[in-house]
>>> print(open('final.cif').read())   # mmCIF, C-alpha atoms and all ligand atoms
data_target
loop_
_atom_site.group_PDB
_atom_site.id
_atom_site.type_symbol
_atom_site.label_atom_id
_atom_site.label_comp_id
_atom_site.auth_asym_id
_atom_site.auth_seq_id
_atom_site.Cartn_x
_atom_site.Cartn_y
_atom_site.Cartn_z
ATOM 1 C CA MET A 1 -2.418 -9.385 17.632
ATOM 2 C CA GLU A 2 1.280 -8.624 17.305
ATOM 3 C CA PHE A 3 4.010 -11.229 17.445
ATOM 4 C CA LYS A 4 7.211 -9.820 18.877
ATOM 5 C CA VAL A 5 10.420 -11.586 17.995
ATOM 6 C CA SER A 6 11.784 -11.034 21.511
ATOM 7 C CA GLU A 7 8.790 -12.927 22.925
ATOM 8 C CA LEU A 8 8.892 -15.652 20.287
ATOM 9 C CA GLU A 9 12.591 -16.190 21.064
ATOM 10 C CA ARG A 10 11.533 -17.360 24.539
ATOM 11 C CA GLU A 11 8.857 -19.739 23.304
ATOM 12 C CA PRO A 12 6.467 -20.225 20.400
ATOM 13 C CA ILE A 13 3.054 -18.602 20.727
ATOM 14 C CA ASP A 14 -0.105 -20.531 19.951
ATOM 15 C CA PHE A 15 -3.133 -18.539 18.959
ATOM 16 C CA ASP A 16 -6.791 -19.393 18.566
ATOM 17 C CA LEU A 17 -9.067 -16.426 18.232
ATOM 18 C CA SER A 18 -12.066 -14.959 16.494
ATOM 19 C CA LEU A 19 -11.748 -11.511 14.944
ATOM 20 C CA THR A 20 -14.765 -9.295 14.585
ATOM 21 C CA PRO A 21 -15.487 -7.558 11.266
ATOM 22 C CA GLY A 22 -13.231 -4.532 10.844
ATOM 23 C CA GLU A 23 -10.272 -5.886 12.791
ATOM 24 C CA VAL A 24 -8.861 -7.105 9.498
ATOM 25 C CA ASP A 25 -9.077 -4.350 6.905
ATOM 26 C CA LEU A 26 -10.167 -6.009 3.669
ATOM 27 C CA GLY A 27 -10.689 -2.772 1.776
ATOM 28 C CA GLU A 28 -13.279 -2.730 -0.980
ATOM 29 C CA GLU A 29 -12.710 -6.250 -2.223
ATOM 30 C CA ALA A 30 -14.626 -8.185 0.405
ATOM 31 C CA LYS A 31 -16.718 -7.721 3.496
ATOM 32 C CA GLN A 32 -16.397 -9.994 6.489
ATOM 33 C CA VAL A 33 -19.655 -11.444 7.837
ATOM 34 C CA GLY A 34 -19.471 -12.652 11.420
ATOM 35 C CA GLY A 35 -16.321 -13.821 13.150
ATOM 36 C CA LEU A 36 -13.099 -14.665 11.387
ATOM 37 C CA ALA A 37 -11.556 -17.628 13.159
ATOM 38 C CA ALA A 38 -7.777 -17.925 13.115
ATOM 39 C CA ALA A 39 -5.674 -20.531 14.859
ATOM 40 C CA GLY A 40 -2.089 -21.634 14.675
ATOM 41 C CA ARG A 41 1.399 -21.105 15.969
ATOM 42 C CA ALA A 42 4.093 -18.469 15.602
ATOM 43 C CA GLU A 43 7.715 -19.348 16.215
ATOM 44 C CA VAL A 44 11.213 -18.130 15.455
ATOM 45 C CA LEU A 45 13.402 -19.955 12.977
ATOM 46 C CA HIS A 46 17.067 -19.030 12.965
ATOM 47 C CA GLU A 47 18.793 -18.810 9.628
ATOM 48 C CA HIS A 48 22.512 -19.273 10.082
ATOM 49 C CA ARG A 49 24.079 -17.320 7.299
ATOM 50 C CA GLY A 50 27.510 -17.167 8.875
ATOM 51 C CA PRO A 51 29.181 -17.414 12.289
ATOM 52 C CA ARG A 52 27.962 -13.967 13.328
ATOM 53 C CA ASP A 53 25.125 -13.641 10.885
ATOM 54 C CA ILE A 54 22.011 -15.209 12.307
ATOM 55 C CA VAL A 55 18.673 -14.020 10.989
ATOM 56 C CA ALA A 56 15.557 -14.486 13.099
ATOM 57 C CA ASP A 57 12.680 -15.433 10.825
ATOM 58 C CA ILE A 58 9.118 -15.759 12.042
ATOM 59 C CA ARG A 59 7.271 -18.847 10.916
ATOM 60 C CA LEU A 60 3.515 -18.526 11.043
ATOM 61 C CA LYS A 61 1.568 -21.707 10.505
ATOM 62 C CA GLY A 62 -2.154 -21.983 10.889
ATOM 63 C CA SER A 63 -5.529 -21.654 9.290
ATOM 64 C CA PHE A 64 -8.429 -19.280 9.061
ATOM 65 C CA SER A 65 -12.098 -19.639 8.313
ATOM 66 C CA GLY A 66 -14.894 -17.190 7.931
ATOM 67 C CA THR A 67 -17.693 -15.955 5.737
ATOM 68 C CA PHE A 68 -17.255 -13.037 3.401
ATOM 69 C CA GLU A 69 -19.372 -11.072 1.014
ATOM 70 C CA VAL A 70 -18.084 -10.136 -2.407
ATOM 71 C CA PRO A 71 -19.973 -8.464 -5.254
ATOM 72 C CA CYS A 72 -21.261 -10.682 -8.056
ATOM 73 C CA ALA A 73 -19.065 -10.094 -11.114
ATOM 74 C CA ARG A 74 -22.154 -9.484 -13.271
ATOM 75 C CA CYS A 75 -24.910 -7.934 -11.158
ATOM 76 C CA VAL A 76 -22.804 -6.631 -8.226
ATOM 77 C CA GLU A 77 -25.254 -8.043 -5.664
ATOM 78 C CA PRO A 78 -23.388 -9.269 -2.563
ATOM 79 C CA VAL A 79 -22.598 -12.994 -2.637
ATOM 80 C CA LYS A 80 -21.852 -14.893 0.561
ATOM 81 C CA LEU A 81 -18.648 -16.856 0.347
ATOM 82 C CA PRO A 82 -17.423 -19.208 3.050
ATOM 83 C CA LEU A 83 -13.631 -19.373 2.919
ATOM 84 C CA GLN A 84 -11.169 -21.597 4.684
ATOM 85 C CA ALA A 85 -7.444 -21.905 4.089
ATOM 86 C CA ASP A 86 -4.269 -23.155 5.688
ATOM 87 C CA PHE A 87 -1.067 -21.177 5.604
ATOM 88 C CA ASP A 88 2.565 -21.829 6.426
ATOM 89 C CA LEU A 89 4.554 -18.654 5.978
ATOM 90 C CA ILE A 90 8.018 -17.346 6.667
ATOM 91 C CA PHE A 91 8.697 -13.712 7.484
ATOM 92 C CA ARG A 92 12.200 -12.327 7.500
ATOM 93 C CA PRO A 93 13.295 -9.049 9.079
ATOM 94 C CA ALA A 94 12.973 -6.407 6.372
ATOM 95 C CA GLU A 95 16.556 -5.219 6.908
ATOM 96 C CA ALA A 96 18.060 -8.717 6.580
ATOM 97 C CA ASP A 97 17.890 -8.811 2.815
ATOM 98 C CA THR A 98 18.676 -5.239 1.886
ATOM 99 C CA GLU A 99 22.446 -5.723 1.833
ATOM 100 C CA ALA A 100 22.074 -9.201 0.419
ATOM 101 C CA ALA A 101 19.702 -8.482 -2.413
ATOM 102 C CA GLU A 102 22.052 -10.192 -4.808
ATOM 103 C CA ARG A 103 21.714 -13.457 -2.922
ATOM 104 C CA SER A 104 20.028 -15.885 -5.205
ATOM 105 C CA ILE A 105 16.480 -16.655 -4.266
ATOM 106 C CA THR A 106 15.681 -20.329 -4.485
ATOM 107 C CA ALA A 107 12.182 -21.417 -5.394
ATOM 108 C CA PRO A 108 10.819 -22.099 -1.883
ATOM 109 C CA GLU A 109 11.973 -18.648 -0.784
ATOM 110 C CA THR A 110 9.667 -16.869 -3.147
ATOM 111 C CA GLU A 111 6.967 -17.311 -0.511
ATOM 112 C CA ILE A 112 8.911 -15.259 2.000
ATOM 113 C CA GLY A 113 7.415 -12.127 3.454
ATOM 114 C CA TYR A 114 8.998 -9.490 5.622
ATOM 115 C CA TYR A 115 8.369 -7.987 9.006
ATOM 116 C CA LEU A 116 9.341 -4.568 10.268
ATOM 117 C CA ASN A 117 10.457 -3.333 13.678
ATOM 118 C CA ASP A 118 10.702 -6.801 15.211
ATOM 119 C CA SER A 119 7.011 -7.464 15.123
ATOM 120 C CA LEU A 120 4.497 -9.084 12.842
ATOM 121 C CA SER A 121 0.782 -8.262 12.818
ATOM 122 C CA LEU A 122 -1.532 -11.245 12.575
ATOM 123 C CA GLU A 123 -4.245 -8.997 11.151
ATOM 124 C CA ASP A 124 -1.976 -7.942 8.265
ATOM 125 C CA VAL A 125 -1.175 -11.560 7.496
ATOM 126 C CA LEU A 126 -4.844 -12.563 7.598
ATOM 127 C CA ARG A 127 -5.771 -9.681 5.336
ATOM 128 C CA GLU A 128 -3.367 -10.952 2.689
ATOM 129 C CA GLN A 129 -4.384 -14.584 3.143
ATOM 130 C CA VAL A 130 -8.097 -13.818 2.847
ATOM 131 C CA LEU A 131 -7.594 -11.668 -0.258
ATOM 132 C CA LEU A 132 -5.396 -14.356 -1.833
ATOM 133 C CA SER A 133 -8.051 -16.990 -1.251
ATOM 134 C CA LEU A 134 -10.836 -15.012 -2.922
ATOM 135 C CA PRO A 135 -11.883 -16.487 -6.259
ATOM 136 C CA VAL A 136 -10.924 -14.374 -9.262
ATOM 137 C CA ARG A 137 -14.561 -14.085 -10.261
ATOM 138 C CA THR A 138 -17.658 -14.753 -8.198
ATOM 139 C CA LEU A 139 -21.162 -15.089 -9.619
ATOM 140 C CA CYS A 140 -24.338 -15.039 -7.500
ATOM 141 C CA LYS A 141 -25.554 -17.976 -9.643
ATOM 142 C CA PRO A 142 -24.062 -19.592 -12.759
ATOM 143 C CA ASP A 143 -26.704 -18.071 -15.029
ATOM 144 C CA CYS A 144 -26.765 -14.583 -13.500
ATOM 145 C CA LYS A 145 -28.261 -12.263 -16.107
ATOM 146 C CA GLY A 146 -26.303 -9.270 -14.856
ATOM 147 C CA LEU A 147 -27.193 -5.636 -15.159
ATOM 148 C CA CYS A 148 -28.792 -4.142 -18.224
ATOM 149 C CA PRO A 149 -25.955 -2.295 -19.983
ATOM 150 C CA ARG A 150 -28.387 0.466 -21.002
ATOM 151 C CA CYS A 151 -30.650 1.194 -18.028
ATOM 152 C CA GLY A 152 -28.730 -0.582 -15.282
ATOM 153 C CA VAL A 153 -31.585 -2.664 -13.807
ATOM 154 C CA ASN A 154 -30.730 -6.027 -12.332
ATOM 155 C CA ARG A 155 -32.090 -8.373 -14.974
ATOM 156 C CA ASN A 156 -32.383 -11.243 -12.482
ATOM 157 C CA SER A 157 -35.226 -9.494 -10.719
ATOM 158 C CA GLN A 158 -36.667 -7.129 -13.328
ATOM 159 C CA ALA A 159 -37.321 -7.087 -17.004
ATOM 160 C CA CYS A 160 -36.687 -3.839 -18.783
ATOM 161 C CA SER A 161 -37.905 -2.482 -22.079
ATOM 162 C CA CYS A 162 -34.334 -2.305 -23.387
ATOM 163 C CA ASP A 163 -34.641 -6.039 -24.064
ATOM 164 C CA VAL A 164 -36.132 -5.267 -27.481
ATOM 165 C CA GLY A 165 -32.669 -4.166 -28.652
ATOM 166 C CA PRO A 166 -30.252 -6.328 -30.604
ATOM 167 C CA SER A 167 -29.433 -9.463 -28.684
ATOM 168 C CA ASP A 168 -25.935 -9.831 -30.043
ATOM 169 C CA PRO A 169 -23.692 -8.923 -27.089
ATOM 170 C CA ARG A 170 -21.272 -7.162 -29.432
ATOM 171 C CA TRP A 171 -24.014 -4.732 -30.424
ATOM 172 C CA GLN A 172 -24.900 -4.212 -26.782
ATOM 173 C CA ALA A 173 -21.310 -3.390 -26.024
ATOM 174 C CA LEU A 174 -21.322 -0.836 -28.825
ATOM 175 C CA ALA A 175 -24.620 0.617 -27.645
ATOM 176 C CA GLY A 176 -23.202 1.035 -24.170
ATOM 177 C CA LEU A 177 -20.135 2.676 -25.629
ATOM 178 C CA SER A 178 -22.026 5.247 -27.693
ATOM 179 C CA SER A 179 -24.170 6.261 -24.723
ATOM 180 C CA ARG A 180 -21.013 6.902 -22.744
ATOM 181 C CA ILE A 181 -19.438 8.957 -25.522
ATOM 182 C CA LYS A 182 -22.427 11.290 -25.820
ATOM 183 C CA PRO A 183 -21.741 14.594 -24.074
HETATM 184 ZN ZN ZN A 201 -25.268 -11.818 -10.145
HETATM 185 ZN ZN ZN A 202 -32.625 -1.945 -19.565
#
>>> encode(input="final.cif", output="structure tokens")
Amino acid sequence: MEFKVSELEREPIDFDLSLTPGEVDLGEEAKQVGGLAAAGRAEVLHEHRGPRDIVADIRLKGSFSGTFEVPCARCVEPVKLPLQADFDLIFRPAEADTEAAERSITAPETEIGYYLNDSLSLEDVLREQVLLSLPVRTLCKPDCKGLCPRCGVNRNSQACSCDVGPSDPRWQALAGLSSRIKP
């Protein structure tokens, strides 16, 4: 869904939709499971910088919710993650700030994004919002045993004979290192 400034100038646009997996490109970081619901309103805000200098910003306010799969930080098994977040964002035309780069940026403006060619893609915004809301580190369970650093089996589901090795994790790290160095 694209918001065109010329259309938003006439009236704000309310949206309420469900995006199927793939419509928002999340790259390798997360996989969308089922619909991604997004609802809110897009409108134009005019910044009066001078008598003949009016900048048309797009304000996008709304929320999204959906379920995503991200790899466990230890065993890389997919973990289902329901996510929900509100957003209230301002997008300025990309060209508006190029000649005014020296203008001081006040704290609330640090949240400002930019749009190109008079239109803003909802999918691009959602992509960023979903990725921002992902936890830094996700575990499938708090005590996930992870992968064996030597043979690579998932130690949650299988025991391996490597377990007889030194239990000090520093030695395991060294063991993993030497096996990688070997030609
Ligand atoms: Zn895990
Ligand atoms: Zn092993």
>>> closest_atom_pairs(input="final.cif", of="chain A", to="ligand ZN 202 (chain A)", cutoff="10 Å", atoms="only C-alpha atoms and all ligand atoms", output="CSV")
residue,atom,partner,partner_atom,distance
A:Leu147,CA,A:ZN202,ZN,7.9
A:Cys148,CA,A:ZN202,ZN,4.6
A:Pro149,CA,A:ZN202,ZN,6.7
A:Arg150,CA,A:ZN202,ZN,5.1
A:Cys151,CA,A:ZN202,ZN,4.0
A:Gly152,CA,A:ZN202,ZN,5.9
A:Val153,CA,A:ZN202,ZN,5.9
A:Asn154,CA,A:ZN202,ZN,8.5
A:Arg155,CA,A:ZN202,ZN,7.9
A:Gln158,CA,A:ZN202,ZN,9.1
A:Ala159,CA,A:ZN202,ZN,7.4
A:Cys160,CA,A:ZN202,ZN,4.5
A:Ser161,CA,A:ZN202,ZN,5.9
A:Cys162,CA,A:ZN202,ZN,4.2
A:Asp163,CA,A:ZN202,ZN,6.4
A:Val164,CA,A:ZN202,ZN,9.3
A:Gly165,CA,A:ZN202,ZN,9.4
>>> residues_near_ligand(input="final.cif", ligand="ligand ZN 201 (chain A)", cutoff="10 Å", atoms="only C-alpha atoms and all ligand atoms", output="list in words")
Pro71, Cys72, Ala73, Arg74, Cys75, Val76, Glu77, Pro78, Val79, Thr138, Leu139, Cys140, Lys141, Pro142, Asp143, Cys144, Lys145, Gly146, Leu147, Asn154, Arg155 and Asn156 of chain A
>>> write_last_selection(input="final.cif", atoms="C-alpha atoms", output="PDB file, in the frame of the given file")
ATOM      1  CA  PRO A  71     -19.973  -8.464  -5.254  1.00  0.00           C
ATOM      2  CA  CYS A  72     -21.261 -10.682  -8.056  1.00  0.00           C
ATOM      3  CA  ALA A  73     -19.065 -10.094 -11.114  1.00  0.00           C
ATOM      4  CA  ARG A  74     -22.154  -9.484 -13.271  1.00  0.00           C
ATOM      5  CA  CYS A  75     -24.910  -7.934 -11.158  1.00  0.00           C
ATOM      6  CA  VAL A  76     -22.804  -6.631  -8.226  1.00  0.00           C
ATOM      7  CA  GLU A  77     -25.254  -8.043  -5.664  1.00  0.00           C
ATOM      8  CA  PRO A  78     -23.388  -9.269  -2.563  1.00  0.00           C
ATOM      9  CA  VAL A  79     -22.598 -12.994  -2.637  1.00  0.00           C
ATOM     10  CA  THR A 138     -17.658 -14.753  -8.198  1.00  0.00           C
ATOM     11  CA  LEU A 139     -21.162 -15.089  -9.619  1.00  0.00           C
ATOM     12  CA  CYS A 140     -24.338 -15.039  -7.500  1.00  0.00           C
ATOM     13  CA  LYS A 141     -25.554 -17.976  -9.643  1.00  0.00           C
ATOM     14  CA  PRO A 142     -24.062 -19.592 -12.759  1.00  0.00           C
ATOM     15  CA  ASP A 143     -26.704 -18.071 -15.029  1.00  0.00           C
ATOM     16  CA  CYS A 144     -26.765 -14.583 -13.500  1.00  0.00           C
ATOM     17  CA  LYS A 145     -28.261 -12.263 -16.107  1.00  0.00           C
ATOM     18  CA  GLY A 146     -26.303  -9.270 -14.856  1.00  0.00           C
ATOM     19  CA  LEU A 147     -27.193  -5.636 -15.159  1.00  0.00           C
ATOM     20  CA  ASN A 154     -30.730  -6.027 -12.332  1.00  0.00           C
ATOM     21  CA  ARG A 155     -32.090  -8.373 -14.974  1.00  0.00           C
ATOM     22  CA  ASN A 156     -32.383 -11.243 -12.482  1.00  0.00           C
TER      23      ASN A 156
END
>>> residues_around(input="final.cif", residues="segment 6-17 of chain A", least_positions_apart="5", cutoff="6 Å", atoms="all atoms listed in the file", output="PyMOL selection string")
chain A and resi 37-44
>>> residues_near_point(input="final.cif", point="(10.5, -9.4, 6.7)", cutoff="8 Å", atoms="all atoms listed in the file", output="PDB file with C-alpha atoms, keeping the file's coordinate frame")
ATOM      1  CA  ASP A  57      12.680 -15.433  10.825  1.00  0.00           C
ATOM      2  CA  PHE A  91       8.697 -13.712   7.484  1.00  0.00           C
ATOM      3  CA  ARG A  92      12.200 -12.327   7.500  1.00  0.00           C
ATOM      4  CA  PRO A  93      13.295  -9.049   9.079  1.00  0.00           C
ATOM      5  CA  ALA A  94      12.973  -6.407   6.372  1.00  0.00           C
ATOM      6  CA  GLU A  95      16.556  -5.219   6.908  1.00  0.00           C
ATOM      7  CA  ALA A  96      18.060  -8.717   6.580  1.00  0.00           C
ATOM      8  CA  ILE A 112       8.911 -15.259   2.000  1.00  0.00           C
ATOM      9  CA  GLY A 113       7.415 -12.127   3.454  1.00  0.00           C
ATOM     10  CA  TYR A 114       8.998  -9.490   5.622  1.00  0.00           C
ATOM     11  CA  TYR A 115       8.369  -7.987   9.006  1.00  0.00           C
ATOM     12  CA  LEU A 116       9.341  -4.568  10.268  1.00  0.00           C
TER      13      LEU A 116
END
>>> atom_distance(input="final.cif", atom1="atom CA of Val24 of chain A", atom2="atom CA of Thr67 of chain A")
13.1 Å
>>> closest_residue(input="final.cif", among="A:Leu131, A:Glu69, A:Gly62, A:Met1", to="Glu23 of chain A", atoms="all atoms listed in the file")
A:Met1
>>> closest_residue(input="final.cif", among="A:Ser157, A:Val55, A:Glu29, A:His48", to="Leu132 of chain A", atoms="all atoms listed in the file")
A:Glu29
